[in-house]
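Quick look at entry23.pdb (PDB, C-alpha atoms, pLDDT in the B column):
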```
ATOM      1  CA  MET A1492      42.640  -5.121 -10.288  1.00 50.00           C
ATOM      2  CA  SER A1493      39.560  -3.426 -11.671  1.00 54.00           C
ATOM      3  CA  ASP A1494      37.737  -0.532 -10.028  1.00 61.00           C
ATOM      4  CA  LYS A1495      34.552  -1.976 -11.401  1.00 62.00           C
ATOM      5  CA  PRO A1496      32.394  -3.683  -8.740  1.00 62.00           C
ATOM      6  CA  GLU A1497      31.853  -7.368  -9.252  1.00 66.00           C
ATOM      7  CA  LYS A1498      28.457  -8.116 -10.706  1.00 65.00           C
ATOM      8  CA  LYS A1499      26.538 -10.996  -9.287  1.00 67.00           C
ATOM      9  CA  LYS A1500      25.051 -13.239 -11.944  1.00 69.00           C
ATOM     10  CA  ILE A1501      21.358 -13.909 -11.618  1.00 70.00           C
ATOM     11  CA  SER A1502      20.298 -17.445 -12.302  1.00 72.00           C
ATOM     12  CA  SER A1503      17.108 -18.277 -14.122  1.00 73.00           C
ATOM     13  CA  GLU A1504      15.874 -19.809 -10.847  1.00 76.00           C
ATOM     14  CA  ASP A1505      16.368 -16.454  -9.072  1.00 76.00           C
ATOM     15  CA  ALA A1506      14.596 -14.628 -11.879  1.00 78.00           C
ATOM     16  CA  GLU A1507      11.708 -17.091 -11.728  1.00 80.00           C
ATOM     17  CA  GLU A1508      11.454 -16.641  -7.945  1.00 82.00           C
ATOM     18  CA  VAL A1509      11.351 -12.841  -8.347  1.00 83.00           C
ATOM     19  CA  LYS A1510       8.664 -13.245 -10.989  1.00 81.00           C
ATOM     20  CA  GLU A1511       6.566 -15.407  -8.654  1.00 82.00           C
ATOM     21  CA  ILE A1512       6.949 -12.918  -5.799  1.00 83.00           C
ATOM     22  CA  LEU A1513       5.949 -10.004  -8.007  1.00 81.00           C
ATOM     23  CA  SER A1514       2.994 -11.923  -9.344  1.00 79.00           C
ATOM     24  CA  ALA A1515       1.788 -12.526  -5.777  1.00 79.00           C
ATOM     25  CA  VAL A1516       2.350  -8.874  -4.861  1.00 78.00           C
ATOM     26  CA  SER A1517       0.471  -7.656  -7.925  1.00 77.00           C
ATOM     27  CA  THR A1518      -2.640  -9.600  -6.934  1.00 78.00           C
ATOM     28  CA  GLU A1519      -2.514  -9.603  -3.136  1.00 80.00           C
ATOM     29  CA  VAL A1520      -1.615  -5.978  -2.335  1.00 77.00           C
ATOM     30  CA  PRO A1521      -4.397  -4.333  -4.392  1.00 77.00           C
ATOM     31  CA  ALA A1522      -6.919  -6.821  -2.972  1.00 78.00           C
ATOM     32  CA  LEU A1523      -5.733  -6.059   0.566  1.00 78.00           C
ATOM     33  CA  ILE A1524      -6.034  -2.291   0.039  1.00 74.00           C
ATOM     34  CA  LYS A1525      -9.494  -2.704  -1.502  1.00 75.00           C
ATOM     35  CA  SER A1526     -10.629  -4.826   1.430  1.00 77.00           C
ATOM     36  CA  ILE A1527      -9.302  -2.315   3.994  1.00 72.00           C
ATOM     37  CA  ILE A1528     -11.027   0.563   2.212  1.00 70.00           C
ATOM     38  CA  GLY A1529     -14.245  -1.476   2.047  1.00 73.00           C
ATOM     39  CA  ALA A1530     -14.047  -2.167   5.780  1.00 71.00           C
ATOM     40  CA  VAL A1531     -13.562   1.517   6.613  1.00 68.00           C
ATOM     41  CA  PHE A1532     -16.298   2.817   4.296  1.00 71.00           C
ATOM     42  CA  SER A1533     -18.917   0.080   4.629  1.00 78.00           C
ATOM     43  CA  GLU A1534     -22.398   0.665   6.015  1.00 82.00           C
ATOM     44  CA  GLU A1535     -21.535  -1.479   9.018  1.00 84.00           C
ATOM     45  CA  ALA A1536     -18.358   0.529   9.674  1.00 80.00           C
ATOM     46  CA  GLY A1537     -20.441   3.716   9.592  1.00 82.00           C
ATOM     47  CA  ARG A1538     -22.901   2.292  12.102  1.00 87.00           C
ATOM     48  CA  ASN A1539     -20.089   1.166  14.362  1.00 87.00           C
ATOM     49  CA  MET A1540     -18.376   4.554  14.156  1.00 85.00           C
ATOM     50  CA  GLY A1541     -21.663   6.273  15.066  1.00 89.00           C
ATOM     51  CA  LYS A1542     -22.161   3.970  18.039  1.00 92.00           C
ATOM     52  CA  ALA A1543     -18.572   4.488  19.169  1.00 91.00           C
ATOM     53  CA  ALA A1544     -18.904   8.279  18.907  1.00 91.00           C
ATOM     54  CA  ALA A1545     -22.207   8.275  20.798  1.00 93.00           C
ATOM     55  CA  SER A1546     -20.753   6.057  23.514  1.00 94.00           C
ATOM     56  CA  PHE A1547     -17.647   8.260  23.753  1.00 93.00           C
ATOM     57  CA  TYR A1548     -19.784  11.403  24.053  1.00 95.00           C
ATOM     58  CA  LYS A1549     -22.055   9.762  26.658  1.00 95.00           C
ATOM     59  CA  GLU A1550     -19.069   8.693  28.778  1.00 95.00           C
ATOM     60  CA  LEU A1551     -17.664  12.229  28.676  1.00 95.00           C
ATOM     61  CA  LYS A1552     -21.020  13.735  29.721  1.00 95.00           C
ATOM     62  CA  ASP A1553     -21.569  11.103  32.428  1.00 96.00           C
ATOM     63  CA  SER A1554     -18.178  11.971  33.906  1.00 95.00           C
ATOM     64  CA  GLY A1555     -19.227  15.631  34.219  1.00 95.00           C
ATOM     65  CA  MET A1556     -17.514  17.074  31.146  1.00 94.00           C
ATOM     66  CA  PRO A1557     -19.038  20.393  29.987  1.00 94.00           C
ATOM     67  CA  ASP A1558     -21.136  20.023  26.816  1.00 93.00           C
ATOM     68  CA  ASN A1559     -18.901  22.209  24.605  1.00 93.00           C
ATOM     69  CA  VAL A1560     -15.783  20.243  25.639  1.00 93.00           C
ATOM     70  CA  ALA A1561     -17.524  16.871  25.174  1.00 93.00           C
ATOM     71  CA  VAL A1562     -18.692  17.898  21.685  1.00 93.00           C
ATOM     72  CA  LYS A1563     -15.194  19.090  20.710  1.00 94.00           C
ATOM     73  CA  MET A1564     -13.550  15.923  22.037  1.00 94.00           C
ATOM     74  CA  THR A1565     -16.107  13.771  20.197  1.00 93.00           C
ATOM     75  CA  GLU A1566     -15.452  15.687  16.969  1.00 91.00           C
ATOM     76  CA  ASP A1567     -11.725  15.068  17.432  1.00 90.00           C
ATOM     77  CA  TYR A1568     -12.422  11.400  18.138  1.00 89.00           C
ATOM     78  CA  ILE A1569     -14.441  11.052  14.931  1.00 85.00           C
ATOM     79  CA  SER A1570     -11.802  12.949  12.934  1.00 84.00           C
ATOM     80  CA  VAL A1571      -9.315  10.178  13.724  1.00 82.00           C
ATOM     81  CA  PHE A1572     -11.557   7.694  11.901  1.00 74.00           C
ATOM     82  CA  THR A1573     -12.226   9.999   8.964  1.00 73.00           C
ATOM     83  CA  SER A1574      -8.549  10.937   8.656  1.00 76.00           C
ATOM     84  CA  LEU A1575      -7.599   7.272   8.580  1.00 70.00           C
ATOM     85  CA  GLY A1576     -10.277   6.630   5.963  1.00 66.00           C
ATOM     86  CA  ASP A1577      -9.081   9.566   3.857  1.00 69.00           C
ATOM     87  CA  LEU A1578      -5.504   8.329   4.085  1.00 70.00           C
ATOM     88  CA  LEU A1579      -6.440   4.826   2.964  1.00 64.00           C
ATOM     89  CA  LYS A1580      -8.634   6.173   0.184  1.00 62.00           C
ATOM     90  CA  SER A1581      -5.895   8.466  -1.118  1.00 66.00           C
ATOM     91  CA  GLN A1582      -3.316   5.664  -1.012  1.00 61.00           C
ATOM     92  CA  GLY A1583      -5.639   3.377  -2.941  1.00 56.00           C
ATOM     93  CA  LYS A1584      -6.191   6.050  -5.575  1.00 54.00           C
ATOM     94  CA  GLY A1585      -2.484   6.881  -5.609  1.00 51.00           C
ATOM     95  CA  ILE A1586      -1.634   3.342  -6.599  1.00 50.00           C
ATOM     96  CA  ALA A1587      -4.062   3.380  -9.501  1.00 48.00           C
ATOM     97  CA  ILE A1588      -3.059   6.856 -10.657  1.00 42.00           C
ATOM     98  CA  SER A1589       0.682   6.368 -10.390  1.00 45.00           C
ATOM     99  CA  THR A1590       0.681   3.266 -12.574  1.00 45.00           C
ATOM    100  CA  GLY A1591      -1.648   4.421 -15.334  1.00 48.00           C
ATOM    101  CA  LYS A1592      -5.106   3.398 -16.423  1.00 47.00           C
ATOM    102  CA  GLY A1593      -6.063  -0.143 -15.581  1.00 50.00           C
ATOM    103  CA  LYS A1594      -2.555  -1.131 -14.607  1.00 53.00           C
ATOM    104  CA  GLY A1595      -1.790  -2.385 -11.112  1.00 56.00           C
ATOM    105  CA  VAL A1596       1.252  -1.435  -9.099  1.00 55.00           C
ATOM    106  CA  GLY A1597       2.468  -5.027  -9.137  1.00 57.00           C
ATOM    107  CA  ASP A1598       2.324  -5.086 -12.930  1.00 60.00           C
ATOM    108  CA  GLU A1599       4.444  -1.966 -13.111  1.00 63.00           C
ATOM    109  CA  ILE A1600       6.995  -3.341 -10.629  1.00 65.00           C
ATOM    110  CA  GLU A1601       7.163  -6.616 -12.515  1.00 64.00           C
ATOM    111  CA  LYS A1602       7.710  -4.771 -15.806  1.00 68.00           C
ATOM    112  CA  ARG A1603      10.565  -2.715 -14.362  1.00 70.00           C
ATOM    113  CA  VAL A1604      12.255  -5.726 -12.743  1.00 68.00           C
ATOM    114  CA  LYS A1605      12.066  -7.637 -16.033  1.00 72.00           C
ATOM    115  CA  GLU A1606      13.658  -4.662 -17.807  1.00 74.00           C
ATOM    116  CA  LYS A1607      16.482  -4.556 -15.252  1.00 72.00           C
ATOM    117  CA  LEU A1608      17.030  -8.309 -15.493  1.00 71.00           C
ATOM    118  CA  ALA A1609      17.184  -8.056 -19.269  1.00 75.00           C
ATOM    119  CA  GLU A1610      19.714  -5.197 -19.012  1.00 75.00           C
ATOM    120  CA  ARG A1611      21.885  -7.256 -16.642  1.00 70.00           C
ATOM    121  CA  LYS A1612      21.712 -10.280 -18.883  1.00 73.00           C
ATOM    122  CA  THR A1613      22.814  -8.155 -21.837  1.00 77.00           C
ATOM    123  CA  GLU A1614      25.685  -6.683 -19.810  1.00 73.00           C
ATOM    124  CA  GLU A1615      26.783 -10.145 -18.672  1.00 71.00           C
ATOM    125  CA  GLU A1616      26.720 -11.435 -22.241  1.00 75.00           C
ATOM    126  CA  GLU A1617      28.801  -8.463 -23.374  1.00 76.00           C
ATOM    127  CA  GLU A1618      31.323  -9.123 -20.581  1.00 72.00           C
ATOM    128  CA  GLU A1619      31.553 -12.789 -21.530  1.00 71.00           C
ATOM    129  CA  GLU A1620      32.230 -11.815 -25.151  1.00 74.00           C
ATOM    130  CA  GLU A1621      35.047  -9.529 -23.980  1.00 72.00           C
ATOM    131  CA  ASP A1622      36.711 -12.372 -22.044  1.00 63.00           C
TER     132      ASP A1622
END
```
Starting from the file, give its structure as structure tokens.
Amino acid sequence: MSDKPEKKKISSEDAEEVKEILSAVSTEVPALIKSIIGAVFSEEAGRNMGKAAASFYKELKDSGMPDNVAVKMTEDYISVFTSLGDLLKSQGKGIAISTGKGKGVGDEIEKRVKEKLAERKTEEEEEEEED
């Protein structure tokens, strides 16, 4: 018996399915991130955040909260939105930066999977020649 783990052969159908999945990921994920960032940083989102902050502050004051505490709590409330926006923005930039100029993350994943599939195919062919 061999100590070598058994390698599962990948059919061309499996490879084609992986290719289709990666193609969908490469187009859908960047579009989703762009749309989320647009929703967070749009003019309408800014208006809504301002209204929400004003309403939050007013509720605190109406309930008898001291001004300095209400201001601090409102600042903290707003920081949640800005922190979320910063996180999304940095993740969007991280995807573009990590994959190189003009190349999407899906393209890079697809490239690497194709390389691995090609390596496996070569290994399988070499094993078949040995048998």
Q. Quick one, how far is atom CA of Ala1506 of chain A from atom CA of Leu1608 of chain A?
A.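 Computed distance, atom CA of Ala1506 of chain A to atom CA of Leu1608 of chain A, equals 7.7 Å.
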Q. So which residues touch Ala1561 of chain A within 10 Å, counting all atoms listed in the file, skipping near sequence neighbours fewer than 2 positions away, as a count of residues only?
A. 16
Q. Pick the closest to Phe1532 of chain A from A:Glu1618, A:Arg1603, A:Glu1610, A:Thr1573: which is it, counting all atoms listed in the file?
A. A:Thr1573
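Distances from A:Val1571, A:Ala1543, A:Lys1605, A:Ala1536 to Glu1507 of chain A were compared using all atoms listed in the file, and the smallest one belongs to A:Lys1605.
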Q. Mind pulling up the distance from atom CA of Val1509 of chain A to atom CA of Leu1578 of chain A?
A.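 Going from atom CA of Leu1578 of chain A over to atom CA of Val1509 of chain A, I get 29.8 Å.
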